[in-house]
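Q: Below you'll find the structure I mean.
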Amino acid sequence: QRCVVLRFLKSPPNQNKTPEEILHHLQNIVDFGKHVMKQFFGENYVHHGEIIQLPLDFVRQLCLKIQPERPECRCDKDMDTLSGYAMCLPNLTRLQSLRFAEHRPILCIEIKPKCGFIPFSSHVSQEIKHKVCRYCMHQHLKVANGKWKRPSKYCPLDLFSGNKQRMHFALKSLLQEAQNNLKIFKNGELIYGCKDDQDCVSDWNELARHLKPFFFPSNGLVSGPHCTRTIVKELIHVITMALLSSTDTCRAGDMKTVPISQGRSYCEASAFNKELVRNGKHKLESSGLPRGCLLYKTLQAQMLDMLDIEGLYPLYSRVEQYLEEFPEERSTLQIDGPYNEAFYEKLLDLSLEDDGTVAFALTKVQQYRIAMTAKDCSIMIALSTCLQDECSEQRPVVLTSKSRFTFSVSVLDLDLKPYESIPHQYKLDGEIVNYYLKNVQAKDDPVMSNLFKENEDCTLVLHKV
């Protein structure tokens, strides 16, 4: 019996689309996964799903049943109950294409790795962006805005480094402060991670209780802090090995790769990097990611953001100006689809020589949208214990001290980022950088700190002459 997920479109209240518009939107999502993202990530990693039509009465009853379960932050949008159309997708918390493990307990780790490189574009106006990654800067603004109570020590560059020591540190940091970047499921049910934007209390002892049967099937291991640390260490090892594995034999498209060496491989704000500096050690460079692994493919897609939002925004404005003059050209330019082979082919031009045309601007805008999609995707690692005689060469396996796991790795949340979101991204980028410069870097730099202090305390008094 196949376990599937139904996905319905959501939209703000009073903005209901017609059934035809909803069908078109869902078809775009499926086509984008099938014709574009599969080319970047590979056949085995992307599950684009299919569109089905359901009885309206069933949809309404389902909506009423799940409404109390929806996180508060998601309730600002209404679920489509009028069209009957939905996407049918495989349940990625289960193992993909491994029949023998279906009736065994399944562990699934969902990671949202975020952007794994430092901008290398010459269009970047603030030097800090060449030193500190977007995620680490954004953490401070999110804490200031009340989204999270504490900044996370996680830095995406550590995870994407390919260096096991750095990857272990990154994953441990995610487990300590999961925010919405890490979730753990057991048999499809969330057992660890945030259900909402809230203060996540990371209870490692409770997590270890859930994980112990997977990693230590017999009761030989004593309980207590040592047991918890050992189990968490085993979990981190398994995640690392799964992330570095290549479970996709097919060639992922004709994409010419963006040289990863273009950016620096560490972030100055990373807690791991700061610890190295504190201990007087040399900076630990990346070991590099295996070319077939999902992290490598994710990073390549992210690095289609070659100009940074600062270099991209003027090109977006060029396209916007053209559309104001010729609004009927919007469909010809394929801004809203169709996302077919022709759309993908145009993404392969990595040239940065601006010839002043709308065609050049549009290619860079579309590449940026792909990059933003890859920066916000989630990686699902489903694990199940297996016996030695069940593990053949065809099935990927990772070993721990007492267990043997077969696993599948998938990627989801691959909806193309909206063209209309580019101005918001430009504005947000400025807010993130300015907040970091004023409130974080300035405190670390006594000269800057005094400069800001003088500016803030300065009062101009005018006297009559």
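Chain identifiers are assigned as A, B, and so on, following the order in which chains appear in the structure tokens; residues are numbered from 1 within each chain, and ligands are numbered from 1 in order of appearance.
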Please run DSSP on the backbone and report, as a VMD selection string, all residues within stretch 229-374 of chain A that come out as helix (DSSP H, G or I).
A: chain A and resid 229 to 244 260 to 262 271 to 278 294 to 302 308 to 325 327 to 330 341 to 346 358 to 374
Q: Can you tell me, as a PyMOL selection string, what residues are no more than 7 Å from stretch 366-377 of chain A when counting only C-alpha atoms, ignoring any on the same chain fewer than 2 positions away?
A: chain A and resi 112+114-115+298+301-305+347+362-364+379+411-417
Q: When distances are computed from only C-alpha atoms, which of A:Leu62, A:Pro314, A:Leu294, A:Thr93 shows the smallest separation from A:Ala242?
A: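 Smallest distance to A:Ala242 is found for A:Leu294.
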Q: Write out as a PyMOL selection string which residues come within 8 Å of A:Glu268 when counting only C-alpha atoms, dropping same-chain ones fewer than 5 positions away.
A: chain A and resi 131-132+273-274
Q: So which residues touch stretch 16-29 of chain A within 10 Å, counting only C-alpha atoms, skipping near sequence neighbours fewer than 3 positions away, as a ChimeraX atom specification?
A: /A:7-13,32-34,48-53,78-87,336-340,414-416
